[in-house]
Each structure stands twice: as C-alpha cells, then as structure tokens.
file input-v1.cif (mmCIF, C-alpha atoms and all ligand atoms)
data_my_file
#
loop_
_atom_site.label_atom_id
_atom_site.label_comp_id
_atom_site.auth_asym_id
_atom_site.auth_seq_id
_atom_site.Cartn_x
_atom_site.Cartn_y
_atom_site.Cartn_z
CA MET A 993 -18.00 -19.58 5.76
CA ARG A 994 -21.69 -20.25 6.10
CA ASN A 995 -21.18 -24.01 6.60
CA ALA A 996 -18.53 -23.48 9.23
CA PHE A 997 -20.86 -21.09 10.97
CA ALA A 998 -23.77 -23.57 11.01
CA LEU A 999 -21.54 -26.35 12.29
CA THR A 1000 -20.23 -24.21 15.09
CA ALA A 1001 -23.79 -23.30 16.02
CA LEU A 1002 -24.78 -26.97 16.19
CA LEU A 1003 -21.84 -27.89 18.34
CA ALA A 1004 -22.19 -24.97 20.68
CA PRO A 1005 -25.84 -23.92 20.94
CA LEU A 1006 -25.08 -21.76 23.94
CA ALA A 1007 -22.96 -19.51 21.75
CA LEU A 1008 -25.90 -18.74 19.46
CA GLY A 1009 -26.72 -15.51 21.21
CA ALA A 1010 -23.42 -14.04 20.16
CA CYS A 1011 -23.76 -15.16 16.54
CA GLY A 1012 -26.27 -12.54 15.46
CA ASP A 1013 -23.93 -9.76 16.44
CA PRO A 1014 -20.55 -10.24 14.76
CA ALA A 1015 -17.59 -8.55 16.43
CA PRO A 1016 -16.46 -5.62 14.31
CA SER A 1017 -12.88 -4.86 13.41
CA TYR A 1018 -11.34 -1.96 15.27
CA ILE A 1019 -8.14 -0.08 16.00
CA ASP A 1020 -6.78 0.75 19.43
CA GLN A 1021 -3.60 1.69 21.32
CA ALA A 1022 -2.81 4.37 18.76
CA TRP A 1023 0.03 6.75 19.52
CA VAL A 1024 2.42 9.00 17.69
CA ARG A 1025 6.05 9.37 18.59
CA LEU A 1026 6.77 12.94 17.70
CA SER A 1027 10.02 13.48 15.85
CA PRO A 1028 12.53 15.64 17.77
CA ASN A 1029 13.27 17.36 14.48
CA LYS A 1030 10.40 19.12 12.71
CA ASP A 1031 11.94 18.36 9.32
CA MET A 1032 11.88 14.63 9.99
CA PRO A 1033 8.74 12.50 9.95
CA SER A 1034 7.14 11.31 13.16
CA ALA A 1035 6.15 7.67 13.64
CA GLY A 1036 2.73 6.27 14.47
CA TYR A 1037 1.78 2.97 16.06
CA PHE A 1038 -1.44 1.10 16.83
CA VAL A 1039 -3.01 -2.33 17.04
CA ALA A 1040 -5.57 -3.41 14.44
CA HIS A 1041 -8.10 -6.10 15.43
CA GLY A 1042 -9.74 -8.14 12.68
CA GLY A 1043 -13.07 -8.84 14.39
CA ASP A 1044 -15.10 -11.84 13.21
CA SER A 1045 -14.57 -11.35 9.49
CA GLY A 1046 -11.09 -9.86 9.21
CA ALA A 1047 -10.20 -6.50 7.74
CA GLN A 1048 -7.84 -4.71 5.44
CA ILE A 1049 -6.24 -1.33 6.06
CA ARG A 1050 -5.80 0.50 2.79
CA GLY A 1051 -4.50 3.76 4.08
CA VAL A 1052 -4.51 6.31 6.86
CA ILE A 1053 -5.35 9.98 6.51
CA THR A 1054 -5.57 12.84 8.97
CA ASP A 1055 -6.36 16.53 9.05
CA TYR A 1056 -3.49 17.02 11.50
CA ALA A 1057 -0.47 16.16 9.37
CA LEU A 1058 0.66 17.02 5.85
CA LYS A 1059 1.10 13.41 4.79
CA VAL A 1060 0.76 9.89 6.24
CA GLU A 1061 2.24 6.67 4.86
CA MET A 1062 2.22 3.07 6.04
CA HIS A 1063 5.73 1.64 6.19
CA GLU A 1064 7.38 -1.61 7.02
CA SER A 1065 10.88 -2.02 8.45
CA VAL A 1066 12.78 -4.84 6.84
CA ALA A 1067 16.20 -6.28 7.61
CA LYS A 1068 18.17 -7.09 4.48
CA ASN A 1069 21.71 -8.42 4.79
CA GLY A 1070 21.73 -7.17 8.36
CA VAL A 1071 20.79 -3.63 7.38
CA MET A 1072 17.45 -2.16 8.45
CA SER A 1073 15.55 -0.19 5.88
CA MET A 1074 11.93 0.72 5.22
CA LYS A 1075 9.50 0.45 2.40
CA PRO A 1076 5.98 1.80 1.90
CA VAL A 1077 3.11 -0.66 2.28
CA ASP A 1078 -0.04 -0.32 0.16
CA SER A 1079 -2.37 -2.33 2.33
CA VAL A 1080 -2.29 -4.53 5.41
CA ASP A 1081 -4.52 -7.55 5.99
CA VAL A 1082 -5.80 -8.14 9.51
CA PRO A 1083 -6.93 -11.76 9.98
CA ALA A 1084 -10.34 -12.65 11.41
CA LYS A 1085 -10.16 -12.86 15.19
CA GLY A 1086 -6.52 -11.84 14.93
CA GLU A 1087 -4.59 -8.65 15.28
CA VAL A 1088 -1.75 -6.81 13.59
CA ALA A 1089 0.45 -4.51 15.63
CA PHE A 1090 2.18 -1.51 14.16
CA ALA A 1091 5.06 -1.22 16.61
CA PRO A 1092 8.61 0.16 16.86
CA GLY A 1093 10.95 -1.91 14.68
CA GLY A 1094 8.16 -3.24 12.44
CA LYS A 1095 5.23 -1.80 10.59
CA HIS A 1096 4.64 1.86 11.38
CA LEU A 1097 3.00 5.02 10.15
CA MET A 1098 5.11 7.93 9.05
CA LEU A 1099 3.62 11.33 9.54
CA TRP A 1100 5.08 14.45 7.99
CA GLY A 1101 4.31 17.89 9.35
CA VAL A 1102 2.29 17.09 12.44
CA ASN A 1103 0.08 20.07 13.19
CA ASP A 1104 1.07 22.33 16.13
CA THR A 1105 -2.51 22.47 17.38
CA ALA A 1106 -2.60 18.70 17.62
CA ILE A 1107 0.76 18.69 19.40
CA GLY A 1108 -0.52 21.24 21.90
CA ARG A 1109 -3.60 19.12 22.47
CA GLY A 1110 -1.50 15.98 22.91
CA LYS A 1111 -3.58 13.92 20.52
CA MET A 1112 -4.62 13.72 16.91
CA GLN A 1113 -7.43 11.96 15.11
CA LEU A 1114 -6.44 9.41 12.48
CA THR A 1115 -8.85 8.08 9.86
CA PHE A 1116 -8.24 4.50 8.81
CA LEU A 1117 -9.52 3.63 5.33
CA MET A 1118 -10.68 0.03 5.37
CA GLY A 1119 -10.96 -2.43 2.50
CA ASN A 1120 -14.75 -2.71 2.89
CA GLY A 1121 -15.18 1.04 2.51
CA ASP A 1122 -15.52 1.77 6.20
CA ARG A 1123 -13.61 4.57 7.86
CA LEU A 1124 -12.45 4.07 11.42
CA LEU A 1125 -11.72 7.23 13.39
CA VAL A 1126 -9.14 6.79 16.12
CA ASP A 1127 -7.56 9.27 18.50
CA ALA A 1128 -3.79 8.80 18.73
CA VAL A 1129 -1.93 10.08 21.77
CA ILE A 1130 1.03 12.25 20.79
CA ARG A 1131 4.13 11.56 22.83
CA LYS A 1132 7.02 13.98 22.81
CA PRO A 1133 10.35 12.32 22.02
CA GLU A 1134 11.73 12.72 25.57
CA ALA A 1135 8.62 11.08 27.02
CA ALA A 1136 8.64 8.12 24.66
CA GLY A 1137 12.00 6.69 25.67
CA ALA A 1138 15.41 6.90 24.06
CA SER A 1139 15.34 3.75 21.97
CA GLY A 1140 13.49 2.77 18.85
CA PRO A 1141 11.67 4.70 16.22
CA ALA A 1142 13.69 7.90 16.15
CA LYS A 1143 16.68 5.89 15.14
CA GLU A 1144 14.91 3.90 12.47
CA HIS A 1145 13.59 7.10 10.97
CA ASP A 1146 17.00 8.68 10.80
CA GLU A 1147 17.79 6.06 8.21
CA HIS A 1148 15.19 7.28 5.76
CU CU A 1201 9.11 4.70 7.83
#
call {"tool": "encode", "arguments": {"input": "input-v1.cif", "output": "structure tokens"}}
result
Amino acid sequence: MRNAFALTALLAPLALGACGDPAPSYIDQAWVRLSPNKDMPSAGYFVAHGGDSGAQIRGVITDYALKVEMHESVAKNGVMSMKPVDSVDVPAKGEVAFAPGGKHLMLWGVNDTAIGRGKMQLTFLMGNGDRLLVDAVIRKPEAAGASGPAKEHDEH
C-alpha cells in the first residue's frame, strides 16, 4: 500500500494535496420500504462507499425497529430466496448497493414514531470499529411503487 502510494505521488505531484486527507467510507441514499403488513418485515436499502481504504459492514442496528438483519437475495434453480449475511466488504474507491432484488436490510417492528416522522436513524457497525449514523427515509408501500421488495419479502 505504502509503495503504491509513493509511486502515485511521484507520478502525479499535483495530486499530493489530496493525499494527506484520505476519503472516508460513508453510506448514503438510505431508505426503508415500509411493509404494508405490520407482521411482515420492512426492507431497507442504501449505497455504501468504500472511501480510499475500503470498508466492511458488520451489522446494522437502530433504536427504531425491534430487529435488523442484512440479507442477500439469491436465485437458485430459478427460485428466489434469501439468506442472512454476516458482513459485507466494500472495496476501496468502490461502492456496494443494497437494492431491491439484491442485498437488503430486513427490519422487524419499525417504530410508529419513526413512521410518523418519515425517517429513522440507522447505525452501521463497521469492521474498523467505527459507527456510521445514517438517516433513512421511510417510504410507505403505496409511495414506493408496486414492484420489488414487498414481493421478495412475502417469500420469507
Ligand atoms: Cu430478506
């Protein structure tokens, strides 16, 4: 890492100014698609950016739901199903999207206060010990469109 860094600096001296201040990893575009049925989990989506050194998401917690899990949708023999994911690696300078049909959060028992407010704070537990706090917009099922996550969650 260090050698690659020095080489880059030699080749591009003008970029030196940016080198002392590495881009951090961060999460954005977070939203929750509220389940139409209170007994069924809601789904959460976001985009994780690795920054200059990459990152690992080891879990997500919140005060505004009873339980949160990271899941992955997988097609096996033409049938979609889901499995829990323990951790997700976000490559340096890359991004990983949690999006309908792929990786997603499942949130059980989203808090009525958060629903009324239209957003909820999620805490991302990172592999380096950092915690990233992100506000996720809560979208009611009718506002989020008819296709996608509601269906995949019916199959749980
Ligand atoms: Cu799921």
call {"tool": "residues_near_ligand", "arguments": {"input": "input-v1.cif", "ligand": "ligand CU 1201 (chain A)", "cutoff": "8 Å", "atoms": "all atoms listed in the file", "output": "list in words"}}
result
Ala1035, Glu1061, Met1062, His1063, Glu1064, Ser1065, Met1074, Lys1075, Pro1076, His1096, Leu1097, Met1098, Glu1144, His1145 and His1148 of chain A
call {"tool": "atom_distance", "arguments": {"input": "input-v1.cif", "atom1": "atom CA of A:Ser1079", "atom2": "atom CA of A:Ile1049"}}
result
5.5 Å
call {"tool": "closest_residue", "arguments": {"input": "input-v1.cif", "among": "A:Arg1131, A:Arg1109, A:Lys1068, A:Lys1059", "to": "A:Pro1028", "atoms": "all atoms listed in the file"}}
result
A:Arg1131
call {"tool": "atom_distance", "arguments": {"input": "input-v1.cif", "atom1": "atom CA of A:Tyr1037", "atom2": "atom CA of A:Gly1093"}}
result
10.5 Å
call {"tool": "closest_residue", "arguments": {"input": "input-v1.cif", "among": "A:Asn1069, A:Val1126, A:Val1102, A:Asn1120", "to": "A:Asp1055", "atoms": "all atoms listed in the file"}}
result
A:Val1102
call {"tool": "closest_residue", "arguments": {"input": "input-v1.cif", "among": "A:Ala1106, A:Val1060, A:Ile1053, A:Leu1117", "to": "A:Val1129", "atoms": "all atoms listed in the file"}}
result
A:Ala1106
call {"tool": "atom_distance", "arguments": {"input": "input-v1.cif", "atom1": "atom CA of A:Ser1017", "atom2": "atom CA of A:Pro1083"}}
result
9.7 Å
call {"tool": "closest_residue", "arguments": {"input": "input-v1.cif", "among": "A:Ala1128, A:Leu1099, A:Thr1105, A:Asp1122", "to": "A:Ser1027", "atoms": "only C-alpha atoms"}}
result
A:Leu1099
call {"tool": "closest_residue", "arguments": {"input": "input-v1.cif", "among": "A:Val1024, A:Gly1086, A:Tyr1056, A:Asn1029", "to": "A:Gln1113", "atoms": "only C-alpha atoms"}}
result
A:Tyr1056
call {"tool": "residues_near_point", "arguments": {"input": "input-v1.cif", "point": "(-18.0, -9.0, 12.9)", "cutoff": "7 Å", "atoms": "only C-alpha atoms", "output": "list of chain:residue names"}}
result
A:Asp1013, A:Pro1014, A:Ala1015, A:Pro1016, A:Ser1017, A:Gly1043, A:Asp1044, A:Ser1045
call {"tool": "residues_around", "arguments": {"input": "input-v1.cif", "residues": "A:Gln1048", "least_positions_apart": "4", "cutoff": "7 Å", "atoms": "only C-alpha atoms", "output": "JSON, numbers by chain"}}
result
{"A": [1079, 1080, 1081, 1082, 1118, 1119]}
call {"tool": "decode", "arguments": {"input": "input-v1.cif", "residues": "stretch 1056-1147 of chain A", "atoms": "C-alpha atoms", "output": "PDB file, in the first residue's frame"}}
result
ATOM      1  CA  TYR A1056     -36.431   2.466  15.801  1.00  0.00           C
ATOM      2  CA  ALA A1057     -37.033  -1.196  14.991  1.00  0.00           C
ATOM      3  CA  LEU A1058     -37.129  -4.399  17.014  1.00  0.00           C
ATOM      4  CA  LYS A1059     -34.555  -6.177  14.878  1.00  0.00           C
ATOM      5  CA  VAL A1060     -32.423  -5.553  11.778  1.00  0.00           C
ATOM      6  CA  GLU A1061     -30.670  -8.143   9.612  1.00  0.00           C
ATOM      7  CA  MET A1062     -28.585  -7.936   6.458  1.00  0.00           C
ATOM      8  CA  HIS A1063     -29.885 -10.279   3.774  1.00  0.00           C
ATOM      9  CA  GLU A1064     -28.996 -11.305   0.286  1.00  0.00           C
ATOM     10  CA  SER A1065     -31.439 -12.467  -2.379  1.00  0.00           C
ATOM     11  CA  VAL A1066     -30.152 -15.418  -4.326  1.00  0.00           C
ATOM     12  CA  ALA A1067     -31.606 -17.241  -7.316  1.00  0.00           C
ATOM     13  CA  LYS A1068     -31.231 -20.996  -7.054  1.00  0.00           C
ATOM     14  CA  ASN A1069     -32.677 -23.218  -9.774  1.00  0.00           C
ATOM     15  CA  GLY A1070     -34.783 -20.276 -10.877  1.00  0.00           C
ATOM     16  CA  VAL A1071     -36.280 -19.749  -7.436  1.00  0.00           C
ATOM     17  CA  MET A1072     -35.534 -16.575  -5.478  1.00  0.00           C
ATOM     18  CA  SER A1073     -34.791 -16.963  -1.809  1.00  0.00           C
ATOM     19  CA  MET A1074     -32.880 -15.042   0.834  1.00  0.00           C
ATOM     20  CA  LYS A1075     -30.163 -15.730   3.315  1.00  0.00           C
ATOM     21  CA  PRO A1076     -28.688 -13.659   6.134  1.00  0.00           C
ATOM     22  CA  VAL A1077     -25.286 -12.069   5.512  1.00  0.00           C
ATOM     23  CA  ASP A1078     -22.783 -11.661   8.362  1.00  0.00           C
ATOM     24  CA  SER A1079     -20.657  -8.952   6.815  1.00  0.00           C
ATOM     25  CA  VAL A1080     -20.265  -7.089   3.546  1.00  0.00           C
ATOM     26  CA  ASP A1081     -16.961  -5.855   2.131  1.00  0.00           C
ATOM     27  CA  VAL A1082     -16.949  -2.504   0.363  1.00  0.00           C
ATOM     28  CA  PRO A1083     -13.902  -2.143  -1.915  1.00  0.00           C
ATOM     29  CA  ALA A1084     -11.608   0.884  -1.762  1.00  0.00           C
ATOM     30  CA  LYS A1085     -12.879   3.605  -4.080  1.00  0.00           C
ATOM     31  CA  GLY A1086     -15.814   1.348  -4.881  1.00  0.00           C
ATOM     32  CA  GLU A1087     -19.367   1.030  -3.724  1.00  0.00           C
ATOM     33  CA  VAL A1088     -21.854  -1.653  -2.802  1.00  0.00           C
ATOM     34  CA  ALA A1089     -25.548  -1.026  -3.324  1.00  0.00           C
ATOM     35  CA  PHE A1090     -28.212  -2.635  -1.208  1.00  0.00           C
ATOM     36  CA  ALA A1091     -31.095  -2.510  -3.664  1.00  0.00           C
ATOM     37  CA  PRO A1092     -34.390  -4.251  -4.455  1.00  0.00           C
ATOM     38  CA  GLY A1093     -33.706  -7.761  -5.763  1.00  0.00           C
ATOM     39  CA  GLY A1094     -30.239  -7.986  -4.193  1.00  0.00           C
ATOM     40  CA  LYS A1095     -28.724  -7.295  -0.823  1.00  0.00           C
ATOM     41  CA  HIS A1096     -31.137  -5.616   1.558  1.00  0.00           C
ATOM     42  CA  LEU A1097     -31.842  -4.926   5.194  1.00  0.00           C
ATOM     43  CA  MET A1098     -34.816  -6.501   6.870  1.00  0.00           C
ATOM     44  CA  LEU A1099     -36.374  -4.539   9.663  1.00  0.00           C
ATOM     45  CA  TRP A1100     -38.916  -6.017  12.025  1.00  0.00           C
ATOM     46  CA  GLY A1101     -41.262  -3.840  14.035  1.00  0.00           C
ATOM     47  CA  VAL A1102     -40.490  -0.393  12.690  1.00  0.00           C
ATOM     48  CA  ASN A1103     -41.391   2.125  15.372  1.00  0.00           C
ATOM     49  CA  ASP A1104     -44.595   4.182  14.876  1.00  0.00           C
ATOM     50  CA  THR A1105     -42.844   7.382  15.914  1.00  0.00           C
ATOM     51  CA  ALA A1106     -40.266   6.890  13.185  1.00  0.00           C
ATOM     52  CA  ILE A1107     -43.024   6.150  10.672  1.00  0.00           C
ATOM     53  CA  GLY A1108     -44.819   9.343  11.655  1.00  0.00           C
ATOM     54  CA  ARG A1109     -41.597  11.277  11.260  1.00  0.00           C
ATOM     55  CA  GLY A1110     -40.924   9.697   7.878  1.00  0.00           C
ATOM     56  CA  LYS A1111     -37.353   8.767   8.695  1.00  0.00           C
ATOM     57  CA  MET A1112     -35.311   6.637  11.020  1.00  0.00           C
ATOM     58  CA  GLN A1113     -31.682   6.668  12.066  1.00  0.00           C
ATOM     59  CA  LEU A1114     -29.652   3.564  11.285  1.00  0.00           C
ATOM     60  CA  THR A1115     -26.293   2.813  12.899  1.00  0.00           C
ATOM     61  CA  PHE A1116     -23.851   0.940  10.693  1.00  0.00           C
ATOM     62  CA  LEU A1117     -21.239  -1.076  12.586  1.00  0.00           C
ATOM     63  CA  MET A1118     -18.028  -1.027  10.581  1.00  0.00           C
ATOM     64  CA  GLY A1119     -15.169  -3.506  10.570  1.00  0.00           C
ATOM     65  CA  ASN A1120     -12.694  -0.916  11.883  1.00  0.00           C
ATOM     66  CA  GLY A1121     -14.873  -0.210  14.915  1.00  0.00           C
ATOM     67  CA  ASP A1122     -16.431   2.945  13.539  1.00  0.00           C
ATOM     68  CA  ARG A1123     -20.145   3.563  13.714  1.00  0.00           C
ATOM     69  CA  LEU A1124     -21.779   5.448  10.876  1.00  0.00           C
ATOM     70  CA  LEU A1125     -25.097   7.107  11.664  1.00  0.00           C
ATOM     71  CA  VAL A1126     -27.382   7.497   8.673  1.00  0.00           C
ATOM     72  CA  ASP A1127     -30.921   8.807   8.374  1.00  0.00           C
ATOM     73  CA  ALA A1128     -33.073   6.545   6.205  1.00  0.00           C
ATOM     74  CA  VAL A1129     -36.197   7.953   4.570  1.00  0.00           C
ATOM     75  CA  ILE A1130     -39.239   5.795   5.285  1.00  0.00           C
ATOM     76  CA  ARG A1131     -41.452   5.282   2.259  1.00  0.00           C
ATOM     77  CA  LYS A1132     -44.951   3.942   2.640  1.00  0.00           C
ATOM     78  CA  PRO A1133     -45.659   0.954   0.397  1.00  0.00           C
ATOM     79  CA  GLU A1134     -48.040   2.871  -1.903  1.00  0.00           C
ATOM     80  CA  ALA A1135     -45.424   5.584  -2.436  1.00  0.00           C
ATOM     81  CA  ALA A1136     -42.585   3.204  -3.212  1.00  0.00           C
ATOM     82  CA  GLY A1137     -44.094   1.606  -6.294  1.00  0.00           C
ATOM     83  CA  ALA A1138     -45.857  -1.685  -6.815  1.00  0.00           C
ATOM     84  CA  SER A1139     -42.921  -3.848  -7.829  1.00  0.00           C
ATOM     85  CA  GLY A1140     -39.993  -5.260  -5.954  1.00  0.00           C
ATOM     86  CA  PRO A1141     -39.252  -5.757  -2.325  1.00  0.00           C
ATOM     87  CA  ALA A1142     -42.722  -6.441  -0.972  1.00  0.00           C
ATOM     88  CA  LYS A1143     -42.889  -9.452  -3.186  1.00  0.00           C
ATOM     89  CA  GLU A1144     -39.466 -10.766  -2.296  1.00  0.00           C
ATOM     90  CA  HIS A1145     -40.312 -10.464   1.365  1.00  0.00           C
ATOM     91  CA  ASP A1146     -43.525 -12.404   1.011  1.00  0.00           C
ATOM     92  CA  GLU A1147     -41.321 -15.370   0.248  1.00  0.00           C
TER      93      GLU A1147
END
